[in-house]
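Here's the structure, in structure tokens; my notes come after.
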Amino acid sequence: MQTSTHVFAATAPRARPEFAARTFADGTRWFSLPGFNGDPDSADTKSLTPIIKSMRKDAIAIAAAPRIVLDLRGNGGGSSDWSYQIAAILWGQAAVNALPSGSEGVDWRASAGNIATLEGYRTAWQNSADVSQAVKDWAARTAKGMTSARALGQALWREIDADEAKPAATGAAPALKARVFVLTDWGCGSACLDAVDLWTALGGVHVGQETSADSLYMDVRQVALPSGFARAVIPMKVYRGRKRGSNVPARPVHAYTGDMRNTDQLERWITAL
């Protein structure tokens, strides 16, 4: 029996490229980033870590390329830390820090289950070399904030973009001469959408298909129901005053109407923009 989801997937199949960093004959740098899972043991982390290390090492040459393509086809989200690491390499940490906040703040539900989840993140990440110090600090700060709020009988803990919580900008990034293209398909959501918001705010040009959309309720955890036949998906936080509204997709500057699975055709289209 086919569900409506299966039918839709069959009529709009997604490209699922392998993680890769490629250099074309004309110097174009193409980075295929089909997932942002933040679990240190995940396949995404094992693939993203060497790509990002290589980007840091080769930052000067990348910045001098005629164009950079950040290919998010197949990406359904995960951890936003990956897109922030890439942004810091391409545009510099100072430029990232200087961006205005994307919302008025984030309210976390200070429940025992949510606190346990954040503490679990903190424990899993604290000894991993593949997780940035910024995200380790974020997990510890968020768990501590919710714990304090709960101890005071407060239902919510407000997270705001504080300067002291931002990674220090050490040294200037190479002057970015390349045009940066952010390539998406219809399934881009969650941390993939965060990447689009971040990279385009820094000057990237959104191309490809219109993305998926997300609500203001984010960072979910899952709880098995007593029957054992299903799991409840529980958002742990809500954005207040987010610039991109609830269930609003990101729409490309240059829309692509061809087959998103045809990478060769996409390459020719983007290099002609």
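Numbering starts fresh at 1 for the residues of each chain in the structure tokens, the chains themselves are lettered A, B, ... in the order given, and ligands are numbered from 1 as they appear.
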
Write out as number ranges by chain all residues of segment 7-254 of chain A that DSSP puts in helix (DSSP H, G or I) for this structure's backbone.
A: 7-11, 43-57, 59-63, 81-91, 93-98, 112-125, 133-151, 163-165, 191-201

Residues near segment 29-31 of chain A, cut-off 12 Å, only C-alpha atoms, skip fewer than 4 positions along chain, as JSON, numbers by chain:
{"A": [17, 18, 19, 20, 21, 22, 23, 24, 25, 35, 47, 48, 51, 52, 54, 55, 58, 59, 61, 62, 63, 64, 65, 66, 67, 68, 69, 70, 71, 72, 73, 86, 90, 178, 179, 180, 181, 182, 183, 263, 266, 267, 270, 271]}

Just the strand (DSSP E) stuff from segment 56-265 of chain A, please, per backbone DSSP, written as a tab-separated table (two decimals) with all heavy atoms, in the first residue's frame.
```
chain	number	residue	atom	x	y	z
A	67	ARG	N	34.10	30.81	-8.53
A	67	ARG	CA	32.80	30.58	-7.88
A	67	ARG	C	32.93	29.41	-6.92
A	67	ARG	O	33.78	28.53	-7.09
A	67	ARG	CB	31.69	30.33	-8.90
A	67	ARG	CG	31.81	29.07	-9.69
A	67	ARG	CD	30.77	28.96	-10.81
A	67	ARG	NE	30.88	30.05	-11.77
A	67	ARG	CZ	31.78	30.10	-12.73
A	67	ARG	NH1	32.68	29.13	-12.87
A	67	ARG	NH2	31.82	31.13	-13.57
A	68	ILE	N	32.06	29.43	-5.92
A	68	ILE	CA	31.97	28.34	-4.95
A	68	ILE	C	30.52	27.89	-4.94
A	68	ILE	O	29.61	28.71	-4.85
A	68	ILE	CB	32.38	28.81	-3.54
A	68	ILE	CG1	33.83	29.27	-3.51
A	68	ILE	CG2	32.14	27.72	-2.50
A	68	ILE	CD1	34.22	30.03	-2.25
A	69	VAL	N	30.29	26.59	-5.01
A	69	VAL	CA	28.94	26.05	-4.95
A	69	VAL	C	28.81	25.21	-3.69
A	69	VAL	O	29.57	24.26	-3.47
A	69	VAL	CB	28.61	25.19	-6.19
A	69	VAL	CG1	27.19	24.65	-6.09
A	69	VAL	CG2	28.79	26.00	-7.47
A	70	LEU	N	27.87	25.59	-2.84
A	70	LEU	CA	27.54	24.84	-1.63
A	70	LEU	C	26.27	24.07	-1.94
A	70	LEU	O	25.18	24.60	-1.91
A	70	LEU	CB	27.36	25.80	-0.45
A	70	LEU	CG	28.58	26.69	-0.15
A	70	LEU	CD1	28.25	27.71	0.94
A	70	LEU	CD2	29.78	25.84	0.27
A	71	ASP	N	26.44	22.80	-2.28
A	71	ASP	CA	25.39	21.95	-2.81
A	71	ASP	C	24.66	21.24	-1.66
A	71	ASP	O	25.20	20.32	-1.05
A	71	ASP	CB	26.02	20.93	-3.77
A	71	ASP	CG	25.01	20.00	-4.43
A	71	ASP	OD1	23.80	20.11	-4.12
A	71	ASP	OD2	25.44	19.16	-5.23
A	105	GLY	N	14.82	36.00	20.06
A	105	GLY	CA	15.30	35.08	21.08
A	105	GLY	C	14.66	33.73	20.90
A	105	GLY	O	13.80	33.53	20.03
A	106	VAL	N	15.09	32.77	21.69
A	106	VAL	CA	14.56	31.41	21.64
A	106	VAL	C	14.15	31.01	23.04
A	106	VAL	O	14.93	31.15	23.99
A	106	VAL	CB	15.62	30.42	21.10
A	106	VAL	CG1	15.11	28.98	21.19
A	106	VAL	CG2	16.00	30.76	19.67
A	107	ASP	N	12.92	30.53	23.18
A	107	ASP	CA	12.45	30.04	24.48
A	107	ASP	C	12.51	28.51	24.49
A	107	ASP	O	11.91	27.85	23.63
A	107	ASP	CB	11.01	30.49	24.74
A	107	ASP	CG	10.92	31.95	25.14
A	107	ASP	OD1	11.93	32.48	25.67
A	107	ASP	OD2	9.86	32.57	24.94
A	108	TRP	N	13.23	27.98	25.47
A	108	TRP	CA	13.33	26.53	25.66
A	108	TRP	C	12.39	26.11	26.78
A	108	TRP	O	12.34	26.75	27.83
A	108	TRP	CB	14.75	26.14	26.04
A	108	TRP	CG	15.75	26.28	24.95
A	108	TRP	CD1	16.37	27.44	24.54
A	108	TRP	CD2	16.26	25.24	24.12
A	108	TRP	NE1	17.23	27.17	23.51
A	108	TRP	CE2	17.19	25.84	23.22
A	108	TRP	CE3	16.03	23.87	24.04
A	108	TRP	CZ2	17.89	25.09	22.27
A	108	TRP	CZ3	16.72	23.13	23.09
A	108	TRP	CH2	17.64	23.74	22.21
A	109	ARG	N	11.65	25.02	26.56
A	109	ARG	CA	10.82	24.47	27.63
A	109	ARG	C	11.72	23.80	28.64
A	109	ARG	O	12.46	22.87	28.33
A	109	ARG	CB	9.84	23.46	27.04
A	109	ARG	CG	8.99	22.73	28.07
A	109	ARG	CD	7.98	23.62	28.73
A	109	ARG	NE	6.96	24.11	27.80
A	109	ARG	CZ	5.97	24.91	28.16
A	109	ARG	NH1	5.89	25.36	29.42
A	109	ARG	NH2	5.08	25.30	27.27
A	156	LEU	N	9.92	28.33	31.10
A	156	LEU	CA	10.74	28.59	29.93
A	156	LEU	C	12.07	29.23	30.31
A	156	LEU	O	12.16	29.94	31.32
A	156	LEU	CB	10.01	29.53	28.95
A	156	LEU	CG	8.65	29.08	28.43
A	156	LEU	CD1	8.01	30.19	27.61
A	156	LEU	CD2	8.76	27.80	27.60
A	157	TRP	N	13.09	28.97	29.47
A	157	TRP	CA	14.37	29.66	29.60
A	157	TRP	C	14.66	30.36	28.28
A	157	TRP	O	14.59	29.76	27.22
A	157	TRP	CB	15.50	28.68	29.92
A	157	TRP	CG	16.85	29.35	29.91
A	157	TRP	CD1	17.33	30.25	30.82
A	157	TRP	CD2	17.87	29.19	28.91
A	157	TRP	NE1	18.59	30.67	30.45
A	157	TRP	CE2	18.95	30.04	29.29
A	157	TRP	CE3	17.99	28.44	27.76
A	157	TRP	CZ2	20.12	30.13	28.55
A	157	TRP	CZ3	19.16	28.54	27.00
A	157	TRP	CH2	20.20	29.37	27.40
A	158	ARG	N	14.96	31.65	28.34
A	158	ARG	CA	15.19	32.45	27.14
A	158	ARG	C	16.68	32.44	26.75
A	158	ARG	O	17.54	32.85	27.51
A	158	ARG	CB	14.72	33.89	27.38
A	158	ARG	CG	15.08	34.90	26.31
A	158	ARG	CD	14.47	34.61	24.94
A	158	ARG	NE	13.03	34.60	24.91
A	158	ARG	CZ	12.27	35.65	24.60
A	158	ARG	NH1	12.85	36.80	24.28
A	158	ARG	NH2	10.95	35.54	24.58
A	159	GLU	N	16.95	31.98	25.53
A	159	GLU	CA	18.29	32.03	24.96
A	159	GLU	C	18.36	33.22	24.01
A	159	GLU	O	17.50	33.39	23.15
A	159	GLU	CB	18.58	30.74	24.18
A	159	GLU	CG	19.92	30.75	23.46
A	159	GLU	CD	20.11	29.55	22.54
A	159	GLU	OE1	19.18	28.73	22.42
A	159	GLU	OE2	21.19	29.44	21.93
A	179	ARG	N	32.16	34.15	-6.27
A	179	ARG	CA	30.72	34.21	-6.07
A	179	ARG	C	30.30	32.90	-5.43
A	179	ARG	O	30.72	31.82	-5.87
A	179	ARG	CB	29.99	34.37	-7.41
A	179	ARG	CG	30.23	35.69	-8.12
A	179	ARG	CD	29.41	35.75	-9.40
A	179	ARG	NE	27.98	35.89	-9.12
A	179	ARG	CZ	27.02	35.66	-10.02
A	179	ARG	NH1	27.35	35.25	-11.24
A	179	ARG	NH2	25.76	35.83	-9.70
A	180	VAL	N	29.52	33.00	-4.38
A	180	VAL	CA	29.10	31.80	-3.66
A	180	VAL	C	27.64	31.49	-4.01
A	180	VAL	O	26.77	32.34	-3.83
A	180	VAL	CB	29.24	31.99	-2.13
A	180	VAL	CG1	28.80	30.72	-1.40
A	180	VAL	CG2	30.69	32.34	-1.77
A	181	PHE	N	27.40	30.29	-4.51
A	181	PHE	CA	26.06	29.85	-4.85
A	181	PHE	C	25.60	28.79	-3.84
A	181	PHE	O	26.35	27.86	-3.54
A	181	PHE	CB	26.02	29.27	-6.26
A	181	PHE	CG	26.29	30.28	-7.34
A	181	PHE	CD1	27.56	30.41	-7.88
A	181	PHE	CD2	25.28	31.10	-7.81
A	181	PHE	CE1	27.83	31.35	-8.86
A	181	PHE	CE2	25.54	32.05	-8.80
A	181	PHE	CZ	26.81	32.17	-9.32
A	182	VAL	N	24.39	28.96	-3.33
A	182	VAL	CA	23.80	28.04	-2.37
A	182	VAL	C	22.71	27.26	-3.11
A	182	VAL	O	21.66	27.80	-3.45
A	182	VAL	CB	23.21	28.78	-1.16
A	182	VAL	CG1	22.65	27.79	-0.15
A	182	VAL	CG2	24.27	29.68	-0.52
A	183	LEU	N	22.97	25.99	-3.38
A	183	LEU	CA	22.09	25.17	-4.21
A	183	LEU	C	21.19	24.30	-3.35
A	183	LEU	O	21.68	23.53	-2.52
A	183	LEU	CB	22.95	24.29	-5.14
A	183	LEU	CG	22.22	23.27	-6.01
A	183	LEU	CD1	21.27	23.95	-6.98
A	183	LEU	CD2	23.23	22.39	-6.75
A	184	THR	N	19.88	24.45	-3.53
A	184	THR	CA	18.92	23.66	-2.73
A	184	THR	C	17.93	22.93	-3.62
A	184	THR	O	17.69	23.30	-4.77
A	184	THR	CB	18.12	24.55	-1.77
A	184	THR	OG1	17.27	25.43	-2.52
A	184	THR	CG2	19.01	25.37	-0.86
A	205	VAL	N	24.36	33.45	-3.06
A	205	VAL	CA	23.23	33.57	-3.99
A	205	VAL	C	22.48	32.25	-4.00
A	205	VAL	O	23.05	31.20	-4.34
A	205	VAL	CB	23.71	33.92	-5.41
A	205	VAL	CG1	22.52	34.03	-6.36
A	205	VAL	CG2	24.52	35.21	-5.40
A	206	HIS	N	21.22	32.29	-3.63
A	206	HIS	CA	20.41	31.08	-3.56
A	206	HIS	C	19.94	30.68	-4.96
A	206	HIS	O	19.32	31.46	-5.67
A	206	HIS	CB	19.19	31.34	-2.64
A	206	HIS	CG	18.34	30.14	-2.42
A	206	HIS	ND1	17.08	30.21	-1.85
A	206	HIS	CD2	18.53	28.82	-2.70
A	206	HIS	CE1	16.56	29.01	-1.77
A	206	HIS	NE2	17.43	28.15	-2.29
A	207	VAL	N	20.25	29.43	-5.34
A	207	VAL	CA	19.85	28.91	-6.65
A	207	VAL	C	19.26	27.51	-6.49
A	207	VAL	O	19.44	26.85	-5.47
A	207	VAL	CB	21.06	28.85	-7.62
A	207	VAL	CG1	21.66	30.23	-7.84
A	207	VAL	CG2	22.13	27.88	-7.12
A	208	GLY	N	18.55	27.07	-7.52
A	208	GLY	CA	17.97	25.73	-7.50
A	208	GLY	C	16.47	25.75	-7.32
A	208	GLY	O	15.77	26.53	-7.98
A	217	TYR	N	8.73	26.00	15.89
A	217	TYR	CA	9.01	25.01	16.93
A	217	TYR	C	10.07	24.06	16.41
A	217	TYR	O	9.87	23.36	15.42
A	217	TYR	CB	7.73	24.27	17.31
A	217	TYR	CG	6.73	25.15	18.00
A	217	TYR	CD1	5.81	25.90	17.27
A	217	TYR	CD2	6.71	25.27	19.39
A	217	TYR	CE1	4.90	26.74	17.89
A	217	TYR	CE2	5.80	26.11	20.02
A	217	TYR	CZ	4.91	26.84	19.27
A	217	TYR	OH	4.01	27.67	19.89
A	218	MET	N	11.22	24.01	17.10
A	218	MET	CA	12.39	23.33	16.56
A	218	MET	C	13.08	22.47	17.62
A	218	MET	O	12.64	22.40	18.76
A	218	MET	CB	13.38	24.37	16.03
A	218	MET	CG	12.80	25.30	14.96
A	218	MET	SD	12.58	24.51	13.37
A	218	MET	CE	14.27	24.43	12.82
A	219	ASP	N	14.21	21.88	17.20
A	219	ASP	CA	15.04	21.03	18.07
A	219	ASP	C	14.21	19.96	18.76
A	219	ASP	O	13.96	20.02	19.96
A	219	ASP	CB	15.79	21.87	19.10
A	219	ASP	CG	17.19	22.23	18.65
A	219	ASP	OD1	18.07	21.36	18.71
A	219	ASP	OD2	17.40	23.37	18.21
A	220	VAL	N	13.83	18.97	17.99
A	220	VAL	CA	12.93	17.94	18.51
A	220	VAL	C	13.69	16.83	19.23
A	220	VAL	O	14.87	16.59	18.98
A	220	VAL	CB	12.08	17.33	17.39
A	220	VAL	CG1	11.25	18.41	16.70
A	220	VAL	CG2	12.94	16.60	16.37
A	221	ARG	N	12.98	16.17	20.13
A	221	ARG	CA	13.43	14.91	20.72
A	221	ARG	C	12.29	13.91	20.53
A	221	ARG	O	11.14	14.30	20.33
A	221	ARG	CB	13.80	15.06	22.20
A	221	ARG	CG	12.65	15.48	23.12
A	221	ARG	CD	13.15	15.69	24.54
A	221	ARG	NE	12.11	16.18	25.43
A	221	ARG	CZ	11.30	15.42	26.15
A	221	ARG	NH1	11.40	14.08	26.09
A	221	ARG	NH2	10.40	15.96	26.95
A	222	GLN	N	12.61	12.64	20.59
A	222	GLN	CA	11.60	11.61	20.38
A	222	GLN	C	11.41	10.77	21.63
A	222	GLN	O	12.37	10.47	22.34
A	222	GLN	CB	12.00	10.71	19.21
A	222	GLN	CG	12.08	11.44	17.88
A	222	GLN	CD	12.29	10.51	16.71
A	222	GLN	OE1	12.01	9.31	16.78
A	222	GLN	NE2	12.77	11.05	15.60
A	223	VAL	N	10.15	10.43	21.88
A	223	VAL	CA	9.80	9.63	23.06
A	223	VAL	C	8.93	8.47	22.60
A	223	VAL	O	7.93	8.67	21.89
A	223	VAL	CB	9.03	10.47	24.10
A	223	VAL	CG1	8.63	9.60	25.28
A	223	VAL	CG2	9.88	11.65	24.57
A	224	ALA	N	9.31	7.27	22.96
A	224	ALA	CA	8.51	6.10	22.60
A	224	ALA	C	7.19	6.11	23.37
A	224	ALA	O	7.17	6.35	24.59
A	224	ALA	CB	9.28	4.82	22.90
A	231	ARG	N	6.35	6.73	18.09
A	231	ARG	CA	7.15	7.65	18.89
A	231	ARG	C	6.57	9.04	18.75
A	231	ARG	O	6.15	9.44	17.66
A	231	ARG	CB	8.61	7.63	18.44
A	231	ARG	CG	9.27	6.27	18.52
A	231	ARG	CD	10.70	6.29	17.98
A	231	ARG	NE	11.60	7.02	18.85
A	231	ARG	CZ	12.21	6.50	19.90
A	231	ARG	NH1	12.01	5.22	20.22
A	231	ARG	NH2	13.02	7.22	20.64
A	232	ALA	N	6.57	9.78	19.85
A	232	ALA	CA	6.14	11.18	19.82
A	232	ALA	C	7.35	12.06	19.52
A	232	ALA	O	8.43	11.85	20.08
A	232	ALA	CB	5.52	11.58	21.15
A	233	VAL	N	7.18	13.03	18.63
A	233	VAL	CA	8.23	13.97	18.29
A	233	VAL	C	7.91	15.28	19.00
A	233	VAL	O	6.90	15.92	18.72
A	233	VAL	CB	8.32	14.18	16.76
A	233	VAL	CG1	9.39	15.21	16.43
A	233	VAL	CG2	8.61	12.85	16.06
A	234	ILE	N	8.77	15.68	19.92
A	234	ILE	CA	8.49	16.81	20.80
A	234	ILE	C	9.48	17.95	20.55
A	234	ILE	O	10.68	17.80	20.80
A	234	ILE	CB	8.58	16.39	22.29
A	234	ILE	CG1	7.63	15.21	22.56
A	234	ILE	CG2	8.28	17.56	23.20
A	234	ILE	CD1	7.81	14.61	23.94
A	235	PRO	N	9.02	19.10	20.06
A	235	PRO	CA	9.91	20.26	19.92
A	235	PRO	C	10.33	20.77	21.30
A	235	PRO	O	9.52	20.83	22.22
A	235	PRO	CB	9.05	21.29	19.19
A	235	PRO	CG	7.91	20.53	18.61
A	235	PRO	CD	7.66	19.39	19.56
A	236	MET	N	11.59	21.15	21.42
A	236	MET	CA	12.08	21.61	22.72
A	236	MET	C	12.16	23.13	22.81
A	236	MET	O	12.26	23.67	23.91
A	236	MET	CB	13.48	21.01	22.99
A	236	MET	CG	13.49	19.50	23.13
A	236	MET	SD	15.10	18.85	23.67
A	236	MET	CE	16.10	19.11	22.21
A	237	LYS	N	12.11	23.82	21.66
A	237	LYS	CA	12.26	25.28	21.71
A	237	LYS	C	11.34	25.94	20.70
A	237	LYS	O	10.84	25.28	19.77
A	237	LYS	CB	13.71	25.68	21.43
A	237	LYS	CG	14.12	25.54	19.96
A	237	LYS	CD	15.58	25.94	19.75
A	237	LYS	CE	15.94	25.98	18.26
A	237	LYS	NZ	17.38	26.26	18.05
A	238	VAL	N	11.12	27.24	20.88
A	238	VAL	CA	10.33	28.01	19.93
A	238	VAL	C	11.03	29.34	19.68
A	238	VAL	O	11.53	29.99	20.59
A	238	VAL	CB	8.89	28.25	20.45
A	238	VAL	CG1	8.90	28.97	21.80
A	238	VAL	CG2	8.06	29.03	19.43
A	239	TYR	N	11.12	29.71	18.39
A	239	TYR	CA	11.69	31.01	18.03
A	239	TYR	C	10.67	32.11	18.31
A	239	TYR	O	9.47	31.95	18.07
A	239	TYR	CB	12.03	31.06	16.54
A	239	TYR	CG	13.33	30.38	16.17
A	239	TYR	CD1	13.35	29.13	15.55
A	239	TYR	CD2	14.55	31.01	16.42
A	239	TYR	CE1	14.53	28.52	15.20
A	239	TYR	CE2	15.75	30.40	16.07
A	239	TYR	CZ	15.73	29.17	15.46
A	239	TYR	OH	16.91	28.56	15.11
A	240	ARG	N	11.15	33.25	18.77
A	240	ARG	CA	10.32	34.45	18.92
A	240	ARG	C	10.81	35.49	17.93
A	240	ARG	O	11.98	35.87	17.94
A	240	ARG	CB	10.42	35.00	20.35
A	240	ARG	CG	10.11	34.00	21.46
A	240	ARG	CD	8.67	33.52	21.41
A	240	ARG	NE	8.35	32.72	22.60
A	240	ARG	CZ	7.22	32.04	22.76
A	240	ARG	NH1	6.30	32.04	21.78
A	240	ARG	NH2	6.99	31.35	23.86
A	254	HIS	N	17.74	32.44	-8.51
A	254	HIS	CA	17.73	31.81	-9.83
A	254	HIS	C	17.11	30.43	-9.67
A	254	HIS	O	17.69	29.54	-9.05
A	254	HIS	CB	19.15	31.69	-10.40
A	254	HIS	CG	19.85	33.00	-10.56
A	254	HIS	ND1	19.54	33.90	-11.56
A	254	HIS	CD2	20.85	33.56	-9.83
A	254	HIS	CE1	20.32	34.96	-11.46
A	254	HIS	NE2	21.12	34.78	-10.41
A	255	ALA	N	15.90	30.25	-10.22
A	255	ALA	CA	15.19	28.98	-10.09
A	255	ALA	C	15.61	28.02	-11.19
A	255	ALA	O	15.76	28.41	-12.36
A	255	ALA	CB	13.68	29.22	-10.15
```

Closest of A:Gln154, A:Gln265, A:Gln85, A:Ser148 to Thr49 of chain A, counting only C-alpha atoms, is A:Gln85

Mind pulling up the distance from atom CA of Ala175 of chain A to atom CA of Ala94 of chain A?
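Atom-to-atom, atom CA of Ala94 of chain A to atom CA of Ala175 of chain A, that is 12.7 Å.
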
In terms of the shortest atom-to-atom distance over only C-alpha atoms, which of A:Arg122, A:Arg261, A:Lys57, A:Arg14 is closest to Ala140 of chain A?
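Residue with the minimum atom-to-atom distance to Ala140 of chain A: A:Arg122.
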